[in-house]
file model-v6.cif (mmCIF, C-alpha atoms)
data_start
#
loop_
_atom_site.group_PDB
_atom_site.id
_atom_site.type_symbol
_atom_site.label_atom_id
_atom_site.label_comp_id
_atom_site.auth_asym_id
_atom_site.auth_seq_id
_atom_site.Cartn_x
_atom_site.Cartn_y
_atom_site.Cartn_z
ATOM 1 C CA MET A 1 7.459 25.608 1.334
ATOM 2 C CA HIS A 2 10.755 24.914 3.108
ATOM 3 C CA PHE A 3 11.623 21.207 3.200
ATOM 4 C CA ALA A 4 13.828 19.350 5.668
ATOM 5 C CA VAL A 5 15.504 16.145 4.495
ATOM 6 C CA ILE A 6 16.540 14.134 7.552
ATOM 7 C CA VAL A 7 19.890 12.362 7.277
ATOM 8 C CA PHE A 8 20.688 9.270 9.342
ATOM 9 C CA PRO A 9 23.906 7.275 9.181
ATOM 10 C CA GLY A 10 23.093 4.974 6.267
ATOM 11 C CA SER A 11 20.511 7.153 4.515
ATOM 12 C CA ASN A 12 21.198 6.956 0.780
ATOM 13 C CA CYS A 13 18.239 8.611 -0.955
ATOM 14 C CA ASP A 14 18.718 11.884 0.904
ATOM 15 C CA HIS A 15 20.557 13.465 -2.033
ATOM 16 C CA ASP A 16 17.937 12.255 -4.514
ATOM 17 C CA ALA A 17 15.238 13.990 -2.482
ATOM 18 C CA TYR A 18 17.361 17.129 -2.027
ATOM 19 C CA HIS A 19 17.986 17.221 -5.793
ATOM 20 C CA VAL A 20 14.258 17.088 -6.538
ATOM 21 C CA PHE A 21 13.474 20.008 -4.234
ATOM 22 C CA GLN A 22 16.534 22.135 -5.007
ATOM 23 C CA HIS A 23 17.072 21.599 -8.726
ATOM 24 C CA ILE A 24 13.780 20.386 -10.164
ATOM 25 C CA LEU A 25 11.130 22.118 -8.071
ATOM 26 C CA ASP A 26 13.346 25.043 -7.039
ATOM 27 C CA VAL A 27 12.097 25.206 -3.441
ATOM 28 C CA PRO A 28 14.157 25.786 -0.284
ATOM 29 C CA VAL A 29 15.505 22.574 1.243
ATOM 30 C CA ASP A 30 18.069 21.717 3.909
ATOM 31 C CA PHE A 31 19.628 18.497 5.093
ATOM 32 C CA VAL A 32 19.076 17.959 8.818
ATOM 33 C CA TRP A 33 21.496 15.609 10.589
ATOM 34 C CA HIS A 34 19.828 13.115 12.906
ATOM 35 C CA LYS A 35 21.652 14.488 15.971
ATOM 36 C CA GLU A 36 19.822 17.806 15.660
ATOM 37 C CA ASN A 37 16.613 18.463 17.508
ATOM 38 C CA ASP A 38 14.778 21.427 16.050
ATOM 39 C CA LEU A 39 12.520 21.389 12.987
ATOM 40 C CA LYS A 40 10.444 24.463 13.757
ATOM 41 C CA LYS A 41 11.608 26.529 10.773
ATOM 42 C CA PHE A 42 10.581 23.904 8.225
ATOM 43 C CA ASP A 43 7.171 23.572 6.570
ATOM 44 C CA ALA A 44 7.524 19.908 5.656
ATOM 45 C CA ILE A 45 9.778 17.036 6.687
ATOM 46 C CA LEU A 46 11.020 14.249 4.425
ATOM 47 C CA ILE A 47 12.506 11.054 5.836
ATOM 48 C CA PRO A 48 14.463 9.502 2.981
ATOM 49 C CA GLY A 49 15.219 5.955 1.949
ATOM 50 C CA GLY A 50 18.363 4.033 2.676
ATOM 51 C CA PHE A 51 19.664 1.683 5.310
ATOM 52 C CA SER A 52 19.732 3.722 8.494
ATOM 53 C CA TYR A 53 22.027 2.059 11.035
ATOM 54 C CA GLY A 54 22.590 -0.785 8.592
ATOM 55 C CA ASP A 55 19.047 -2.073 9.196
ATOM 56 C CA TYR A 56 20.390 -3.530 12.464
ATOM 57 C CA LEU A 57 17.806 -5.272 14.673
ATOM 58 C CA ARG A 58 14.846 -4.318 12.436
ATOM 59 C CA THR A 59 14.584 -1.773 9.629
ATOM 60 C CA GLY A 60 14.072 1.650 11.201
ATOM 61 C CA ALA A 61 14.233 0.330 14.767
ATOM 62 C CA ILE A 62 17.412 2.170 15.770
ATOM 63 C CA ALA A 63 16.804 5.361 13.741
ATOM 64 C CA ARG A 64 13.494 5.716 15.534
ATOM 65 C CA PHE A 65 15.457 6.616 18.693
ATOM 66 C CA SER A 66 17.732 9.191 17.033
ATOM 67 C CA PRO A 67 17.503 12.636 18.703
ATOM 68 C CA ILE A 68 15.776 14.217 15.665
ATOM 69 C CA MET A 69 12.859 11.785 15.882
ATOM 70 C CA GLU A 70 11.512 13.501 18.984
ATOM 71 C CA SER A 71 11.074 16.689 16.906
ATOM 72 C CA VAL A 72 9.690 14.734 13.947
ATOM 73 C CA ILE A 73 7.046 13.190 16.210
ATOM 74 C CA LYS A 74 6.271 16.561 17.787
ATOM 75 C CA GLU A 75 5.852 18.292 14.415
ATOM 76 C CA ALA A 76 3.819 15.378 13.047
ATOM 77 C CA LYS A 77 1.450 15.563 16.004
ATOM 78 C CA ALA A 78 1.141 19.319 15.449
ATOM 79 C CA GLY A 79 -0.016 18.635 11.885
ATOM 80 C CA LYS A 80 3.102 19.397 9.824
ATOM 81 C CA PRO A 81 3.546 17.238 6.696
ATOM 82 C CA VAL A 82 5.929 14.347 7.399
ATOM 83 C CA PHE A 83 6.692 12.178 4.381
ATOM 84 C CA GLY A 84 8.622 8.918 4.794
ATOM 85 C CA ILE A 85 9.869 7.074 1.723
ATOM 86 C CA CYS A 86 11.064 3.456 1.848
ATOM 87 C CA ASN A 87 13.354 3.338 4.921
ATOM 88 C CA GLY A 88 11.571 6.539 5.946
ATOM 89 C CA PHE A 89 8.277 4.607 5.920
ATOM 90 C CA GLN A 90 9.896 1.865 8.005
ATOM 91 C CA ILE A 91 11.105 4.482 10.523
ATOM 92 C CA LEU A 92 7.634 6.093 10.738
ATOM 93 C CA ILE A 93 6.129 2.688 11.467
ATOM 94 C CA GLU A 94 8.725 1.918 14.142
ATOM 95 C CA SER A 95 8.099 5.329 15.712
ATOM 96 C CA GLY A 96 4.400 4.565 16.022
ATOM 97 C CA LEU A 97 3.302 7.441 13.757
ATOM 98 C CA LEU A 98 1.874 4.898 11.305
ATOM 99 C CA PRO A 99 0.268 1.544 12.135
ATOM 100 C CA GLY A 100 1.169 -1.986 11.051
ATOM 101 C CA ALA A 101 4.540 -3.459 10.154
ATOM 102 C CA LEU A 102 6.811 -3.915 7.143
ATOM 103 C CA ILE A 103 8.252 -7.399 7.068
ATOM 104 C CA ILE A 104 10.521 -9.208 4.624
ATOM 105 C CA ASN A 105 9.222 -9.466 1.035
ATOM 106 C CA GLN A 106 7.247 -12.586 0.217
ATOM 107 C CA ALA A 107 9.984 -13.602 -2.231
ATOM 108 C CA VAL A 108 12.589 -13.216 0.590
ATOM 109 C CA ARG A 109 14.863 -11.075 -1.539
ATOM 110 C CA PHE A 110 15.720 -7.496 -2.339
ATOM 111 C CA LEU A 111 13.462 -6.144 -5.098
ATOM 112 C CA SER A 112 14.676 -3.331 -7.340
ATOM 113 C CA GLN A 113 12.218 -2.704 -10.149
ATOM 114 C CA ASN A 114 9.578 -0.341 -11.464
ATOM 115 C CA VAL A 115 6.063 -0.758 -10.119
ATOM 116 C CA THR A 116 2.725 0.726 -11.052
ATOM 117 C CA LEU A 117 0.773 2.338 -8.245
ATOM 118 C CA GLU A 118 -2.840 3.366 -8.087
ATOM 119 C CA VAL A 119 -3.832 6.502 -6.237
ATOM 120 C CA ALA A 120 -6.278 5.201 -3.620
ATOM 121 C CA THR A 121 -7.461 8.521 -2.217
ATOM 122 C CA THR A 122 -7.195 12.186 -3.153
ATOM 123 C CA ASP A 123 -8.066 13.304 0.356
ATOM 124 C CA SER A 124 -4.577 14.413 1.426
ATOM 125 C CA ILE A 125 -2.079 17.139 0.600
ATOM 126 C CA TYR A 126 0.055 14.455 -1.070
ATOM 127 C CA THR A 127 -2.617 13.322 -3.507
ATOM 128 C CA LYS A 128 -5.092 16.186 -3.816
ATOM 129 C CA SER A 129 -3.775 17.181 -7.275
ATOM 130 C CA LEU A 130 -4.013 13.577 -8.481
ATOM 131 C CA LYS A 131 -7.012 11.556 -9.569
ATOM 132 C CA ARG A 132 -8.394 8.558 -7.742
ATOM 133 C CA GLY A 133 -7.278 5.435 -9.614
ATOM 134 C CA GLN A 134 -4.551 7.369 -11.456
ATOM 135 C CA ARG A 135 -1.612 5.107 -12.234
ATOM 136 C CA LEU A 136 1.918 6.177 -11.348
ATOM 137 C CA THR A 137 5.130 4.414 -12.339
ATOM 138 C CA MET A 138 8.131 4.567 -10.041
ATOM 139 C CA PRO A 139 10.785 2.226 -8.639
ATOM 140 C CA ILE A 140 10.852 0.167 -5.494
ATOM 141 C CA ALA A 141 14.158 -0.891 -3.920
ATOM 142 C CA HIS A 142 13.720 -2.778 -0.681
ATOM 143 C CA LYS A 143 13.823 -6.122 1.085
ATOM 144 C CA GLN A 144 11.400 -5.317 3.910
ATOM 145 C CA GLY A 145 8.380 -3.723 2.264
ATOM 146 C CA ASN A 146 5.732 -6.364 2.788
ATOM 147 C CA TYR A 147 3.018 -4.431 4.623
ATOM 148 C CA ILE A 148 1.113 -6.373 7.253
ATOM 149 C CA ALA A 149 -1.402 -5.376 9.889
ATOM 150 C CA ASP A 150 -4.116 -7.106 11.903
ATOM 151 C CA GLU A 151 -7.648 -7.201 10.516
ATOM 152 C CA GLU A 152 -8.809 -4.405 12.773
ATOM 153 C CA THR A 153 -6.065 -2.075 11.501
ATOM 154 C CA LEU A 154 -6.712 -2.954 7.847
ATOM 155 C CA LYS A 155 -10.408 -2.243 8.335
ATOM 156 C CA MET A 156 -9.617 1.063 10.051
ATOM 157 C CA LEU A 157 -7.306 2.120 7.205
ATOM 158 C CA ALA A 158 -10.003 1.273 4.652
ATOM 159 C CA ASP A 159 -12.892 2.824 6.612
ATOM 160 C CA GLU A 160 -10.958 6.033 7.260
ATOM 161 C CA ASP A 161 -9.701 6.209 3.650
ATOM 162 C CA ARG A 162 -6.095 6.229 4.856
ATOM 163 C CA VAL A 163 -4.545 4.062 2.126
ATOM 164 C CA ALA A 164 -2.862 6.595 -0.164
ATOM 165 C CA PHE A 165 -1.415 4.191 -2.754
ATOM 166 C CA ARG A 166 -1.878 0.557 -3.738
ATOM 167 C CA TYR A 167 0.249 -1.616 -6.005
ATOM 168 C CA SER A 168 -1.666 -2.348 -9.201
ATOM 169 C CA LYS A 169 -3.500 -5.628 -9.648
ATOM 170 C CA GLY A 170 -2.190 -8.491 -11.743
ATOM 171 C CA LYS A 171 0.825 -10.732 -12.044
ATOM 172 C CA ASP A 172 3.562 -8.170 -11.412
ATOM 173 C CA GLY A 173 1.342 -5.872 -9.413
ATOM 174 C CA ASN A 174 2.188 -6.525 -5.799
ATOM 175 C CA PRO A 175 5.776 -7.744 -5.853
ATOM 176 C CA ASN A 176 6.421 -7.759 -2.102
ATOM 177 C CA GLY A 177 3.156 -9.414 -1.043
ATOM 178 C CA SER A 178 1.682 -6.501 0.935
ATOM 179 C CA MET A 179 -1.766 -7.010 2.452
ATOM 180 C CA ASP A 180 -4.526 -5.285 0.463
ATOM 181 C CA ARG A 181 -1.766 -4.309 -2.052
ATOM 182 C CA ILE A 182 -0.886 -1.417 0.301
ATOM 183 C CA SER A 183 2.118 0.639 -0.772
ATOM 184 C CA GLY A 184 1.444 3.832 1.171
ATOM 185 C CA ILE A 185 -0.636 4.836 4.201
ATOM 186 C CA MET A 186 -1.403 7.943 6.228
ATOM 187 C CA ASN A 187 -1.970 8.734 9.883
ATOM 188 C CA GLU A 188 -5.345 9.742 11.276
ATOM 189 C CA LYS A 189 -4.758 13.476 10.674
ATOM 190 C CA ARG A 190 -3.586 12.685 7.103
ATOM 191 C CA ASN A 191 -0.422 14.805 7.441
ATOM 192 C CA VAL A 192 1.957 11.838 7.806
ATOM 193 C CA LEU A 193 2.482 9.659 4.717
ATOM 194 C CA GLY A 194 4.703 6.604 4.440
ATOM 195 C CA MET A 195 5.280 4.755 1.175
ATOM 196 C CA MET A 196 7.708 2.088 -0.027
ATOM 197 C CA PRO A 197 8.067 3.200 -3.698
ATOM 198 C CA HIS A 198 10.437 6.056 -4.535
ATOM 199 C CA PRO A 199 8.753 9.139 -6.059
ATOM 200 C CA GLU A 200 12.035 11.082 -5.692
ATOM 201 C CA ARG A 201 13.666 8.628 -8.101
ATOM 202 C CA ALA A 202 10.910 9.159 -10.663
ATOM 203 C CA ALA A 203 11.019 12.922 -10.993
ATOM 204 C CA GLU A 204 12.800 13.415 -14.314
ATOM 205 C CA SER A 205 11.983 11.975 -17.745
ATOM 206 C CA VAL A 206 15.653 11.172 -18.256
ATOM 207 C CA LEU A 207 15.314 8.683 -15.377
ATOM 208 C CA GLY A 208 12.321 6.984 -16.984
ATOM 209 C CA SER A 209 9.374 8.575 -15.209
ATOM 210 C CA GLU A 210 8.205 11.913 -13.925
ATOM 211 C CA ASP A 211 5.220 10.453 -12.108
ATOM 212 C CA GLY A 212 6.792 10.851 -8.685
ATOM 213 C CA LEU A 213 6.969 14.593 -9.156
ATOM 214 C CA GLU A 214 3.164 14.723 -9.060
ATOM 215 C CA ILE A 215 3.205 13.860 -5.353
ATOM 216 C CA PHE A 216 5.694 16.609 -4.461
ATOM 217 C CA LYS A 217 3.831 19.122 -6.624
ATOM 218 C CA SER A 218 0.608 18.194 -4.884
ATOM 219 C CA MET A 219 2.278 18.872 -1.515
ATOM 220 C CA MET A 220 3.292 22.292 -2.755
ATOM 221 C CA GLY A 221 -0.130 23.070 -4.167
ATOM 222 C CA ILE A 222 1.025 23.039 -7.805
ATOM 223 C CA SER A 223 -1.110 20.976 -10.158
ATOM 224 C CA MET B 224 24.279 -12.435 35.184
ATOM 225 C CA LYS B 225 23.278 -13.044 31.615
ATOM 226 C CA ALA B 226 19.911 -12.550 29.920
ATOM 227 C CA LYS B 227 19.093 -14.928 27.080
ATOM 228 C CA ILE B 228 16.383 -13.318 24.980
ATOM 229 C CA TYR B 229 14.300 -15.119 22.377
ATOM 230 C CA ILE B 230 12.270 -13.070 19.909
ATOM 231 C CA SER B 231 9.848 -14.756 17.558
ATOM 232 C CA TYR B 232 7.042 -13.814 15.217
ATOM 233 C CA LYS B 233 3.566 -13.903 16.719
ATOM 234 C CA ASP B 234 1.320 -16.739 15.638
ATOM 235 C CA GLY B 235 -0.451 -15.777 12.460
ATOM 236 C CA ILE B 236 2.340 -13.507 11.225
ATOM 237 C CA LEU B 237 3.677 -14.748 7.937
ATOM 238 C CA ASP B 238 7.350 -15.753 8.110
ATOM 239 C CA PRO B 239 8.685 -15.992 4.537
ATOM 240 C CA GLN B 240 12.221 -16.731 5.769
ATOM 241 C CA GLY B 241 11.033 -19.641 7.903
ATOM 242 C CA GLN B 242 9.017 -20.997 4.967
ATOM 243 C CA THR B 243 12.018 -20.790 2.654
ATOM 244 C CA ILE B 244 14.219 -22.597 5.177
ATOM 245 C CA GLY B 245 11.488 -25.258 5.476
ATOM 246 C CA HIS B 246 11.494 -25.749 1.697
ATOM 247 C CA ALA B 247 15.285 -26.036 1.683
ATOM 248 C CA LEU B 248 15.235 -28.681 4.432
ATOM 249 C CA ASP B 249 12.628 -30.602 2.486
ATOM 250 C CA SER B 250 14.690 -30.402 -0.707
ATOM 251 C CA ILE B 251 17.768 -31.896 0.984
ATOM 252 C CA GLY B 252 15.670 -34.813 2.151
ATOM 253 C CA ILE B 253 14.977 -33.844 5.752
ATOM 254 C CA LYS B 254 11.297 -34.690 6.098
ATOM 255 C CA LYS B 255 8.503 -34.724 8.673
ATOM 256 C CA ILE B 256 8.993 -31.065 9.633
ATOM 257 C CA ASN B 257 5.631 -29.440 9.998
ATOM 258 C CA SER B 258 6.758 -25.815 9.928
ATOM 259 C CA VAL B 259 9.841 -23.651 10.437
ATOM 260 C CA ARG B 260 9.681 -20.244 12.109
ATOM 261 C CA MET B 261 12.738 -18.033 12.334
ATOM 262 C CA GLY B 262 13.406 -15.626 15.178
ATOM 263 C CA LYS B 263 16.225 -13.775 16.912
ATOM 264 C CA TYR B 264 18.402 -14.634 19.867
ATOM 265 C CA ILE B 265 20.047 -11.844 21.880
ATOM 266 C CA GLU B 266 22.313 -12.004 24.948
ATOM 267 C CA MET B 267 22.856 -9.175 27.431
ATOM 268 C CA GLU B 268 25.281 -9.235 30.346
ATOM 269 C CA PHE B 269 24.967 -7.534 33.716
ATOM 270 C CA ASN B 270 27.439 -6.957 36.525
ATOM 271 C CA GLY B 271 26.637 -6.502 40.176
ATOM 272 C CA ILE B 272 22.861 -6.216 40.047
ATOM 273 C CA SER B 273 20.122 -8.438 41.447
ATOM 274 C CA LYS B 274 18.211 -10.917 39.346
ATOM 275 C CA ASP B 275 15.083 -8.893 39.928
ATOM 276 C CA GLU B 276 16.675 -5.725 38.583
ATOM 277 C CA ALA B 277 18.187 -7.572 35.610
ATOM 278 C CA SER B 278 14.745 -8.954 34.843
ATOM 279 C CA LYS B 279 13.185 -5.482 34.887
ATOM 280 C CA ILE B 280 15.910 -4.042 32.629
ATOM 281 C CA THR B 281 15.624 -6.930 30.179
ATOM 282 C CA ASP B 282 11.857 -6.649 30.024
ATOM 283 C CA GLU B 283 12.021 -2.899 29.399
ATOM 284 C CA SER B 284 14.655 -3.415 26.674
ATOM 285 C CA CYS B 285 12.435 -5.958 24.938
ATOM 286 C CA ARG B 286 9.320 -3.801 25.159
ATOM 287 C CA LYS B 287 10.943 -0.566 23.998
ATOM 288 C CA LEU B 288 13.406 -1.735 21.375
ATOM 289 C CA LEU B 289 14.333 -5.374 20.915
ATOM 290 C CA ALA B 290 10.918 -6.706 19.888
ATOM 291 C CA ASN B 291 8.299 -5.077 17.689
ATOM 292 C CA PRO B 292 5.030 -5.455 19.611
ATOM 293 C CA ASN B 293 3.048 -5.426 16.340
ATOM 294 C CA THR B 294 4.637 -8.564 14.986
ATOM 295 C CA GLU B 295 6.833 -10.206 17.597
ATOM 296 C CA THR B 296 6.717 -11.763 21.032
ATOM 297 C CA TYR B 297 9.642 -12.249 23.366
ATOM 298 C CA LYS B 298 10.683 -14.352 26.299
ATOM 299 C CA PHE B 299 13.898 -14.435 28.272
ATOM 300 C CA GLU B 300 15.751 -16.300 30.950
ATOM 301 C CA LEU B 301 18.408 -15.053 33.366
ATOM 302 C CA VAL B 302 21.379 -17.292 34.062
ATOM 303 C CA GLU B 303 24.567 -16.942 36.087
ATOM 304 C CA LYS B 304 27.511 -16.568 33.678
#

call {"tool": "encode", "arguments": {"input": "model-v6.cif", "output": "structure tokens"}}
result
Amino acid sequence: MHFAVIVFPGSNCDHDAYHVFQHILDVPVDFVWHKENDLKKFDAILIPGGFSYGDYLRTGAIARFSPIMESVIKEAKAGKPVFGICNGFQILIESGLLPGALIINQAVRFLSQNVTLEVATTDSIYTKSLKRGQRLTMPIAHKQGNYIADEETLKMLADEDRVAFRYSKGKDGNPNGSMDRISGIMNEKRNVLGMMPHPERAAESVLGSEDGLEIFKSMMGIS
Amino acid sequence: MKAKIYISYKDGILDPQGQTIGHALDSIGIKKINSVRMGKYIEMEFNGISKDEASKITDESCRKLLANPNTETYKFELVEK
């Protein structure tokens, strides 16, 4: 599986993702600059976290119109895995590949902490090696990660089993205030996943957790 | 010609920043404010085009980029500079 890691001006988790693929999982990976426009040779596309275009206007709003996004949308519609993490999730929402919106955290501040997620569905390449309800620990680092959508959209996501991950219940469970504790959702075809937490920063025990690796392994068909 | 664009959250969309500002106003003794909502204000300038054309360009800019149709509404006015 050959991965593309898209790089926008202001991306800052691109190297973390590259490191996971190249040095931990030992799979082919290339950075792809946002001015490029061809993703045909890749098997999967990762849109990393960061602050593309300084979060000007709205998070992801400017990156969404970068030249590479036309190819990302084309490949996503053709069924290729497209995985957006943090700012990548925000960009996928702005591009219309995923529904809803990510607004400022309920606490109105940047949150950088570990969270516990629950796997909400195993019906996707990202979660098929996991167990429903399995708990994963990984960090969040964002100010705009509060997922909101209208009732119709929330019902659709639930009915179609398109919520991939939820923040755990309890006091520290849903730090940004997301509706239905949503931390990751998929598109209708289930090949596009966006999530706020950072699995690429939880891929080595030396960094505190290897739980994030499970998602990448699942994508690659390794259990 | 100048476009003055006002972008605000739709009714029913939570605005944590507006709420926090409301709490701050209350804590410094400014009372009787029912609610505070925070939005964005953007100006765009045009040269040598009609008001009609400026209106069309501004509307397209709002629809395609400046406002997020999921969460925000916009309105604008066109004024001579």

call {"tool": "atom_distance", "arguments": {"input": "model-v6.cif", "atom1": "atom CA of B:Asn291", "atom2": "atom CA of B:Tyr232"}}
result
9.2 Å

call {"tool": "closest_residue", "arguments": {"input": "model-v6.cif", "among": "B:Asp234, B:Tyr264, B:Thr294, B:Arg286", "to": "chain A", "atoms": "all atoms listed in the file"}}
result
B:Thr294

call {"tool": "resolve_selection", "arguments": {"input": "model-v6.cif", "expression": "the PyMOL selection byres ((chain B) within 9 of (chain A))", "output": "PyMOL selection string"}}
result
chain B and resi 236-240+243+263+288-291+293-294

call {"tool": "resolve_selection", "arguments": {"input": "model-v6.cif", "expression": "the PyMOL selection byres ((chain A and resi 201-206) around 12)", "output": "ChimeraX atom specification"}}
result
/A:12-21,23-25,48-49,85-86,113-116,136-141,196-200,207-217

call {"tool": "atom_distance", "arguments": {"input": "model-v6.cif", "atom1": "atom CA of B:Phe269", "atom2": "atom CA of B:Tyr229"}}
result
17.3 Å

call {"tool": "atom_distance", "arguments": {"input": "model-v6.cif", "atom1": "atom CA of A:Thr59", "atom2": "atom CA of A:His142"}}
result
10.4 Å

call {"tool": "residues_around", "arguments": {"input": "model-v6.cif", "residues": "A:Phe51", "least_positions_apart": "2", "cutoff": "7 Å", "atoms": "all atoms listed in the file", "output": "JSON list (two decimals) with C-alpha atoms, keeping the file's coordinate frame"}}
result
[["chain", "number", "residue", "atom", "x", "y", "z"],
["A", 10, "GLY", "CA", 23.09, 4.97, 6.27],
["A", 11, "SER", "CA", 20.51, 7.15, 4.51],
["A", 53, "TYR", "CA", 22.03, 2.06, 11.04],
["A", 54, "GLY", "CA", 22.59, -0.78, 8.59],
["A", 55, "ASP", "CA", 19.05, -2.07, 9.20],
["A", 87, "ASN", "CA", 13.35, 3.34, 4.92]]

call {"tool": "axis_aligned_box", "arguments": {"input": "model-v6.cif", "around": "stretch 260-275 of chain B", "padding_each_side": "5 Å", "output": "JSON"}}
result
{"center_x": 18.6, "center_y": -13.2, "center_z": 26.8, "size_x": 27.8, "size_y": 24.0, "size_z": 39.3}

call {"tool": "resolve_selection", "arguments": {"input": "model-v6.cif", "expression": "the PyMOL selection byres ((chain B and resi 280-284) around 9)", "output": "VMD selection string"}}
result
chain B and resid 226 228 267 275 to 279 285 to 290 297 to 299
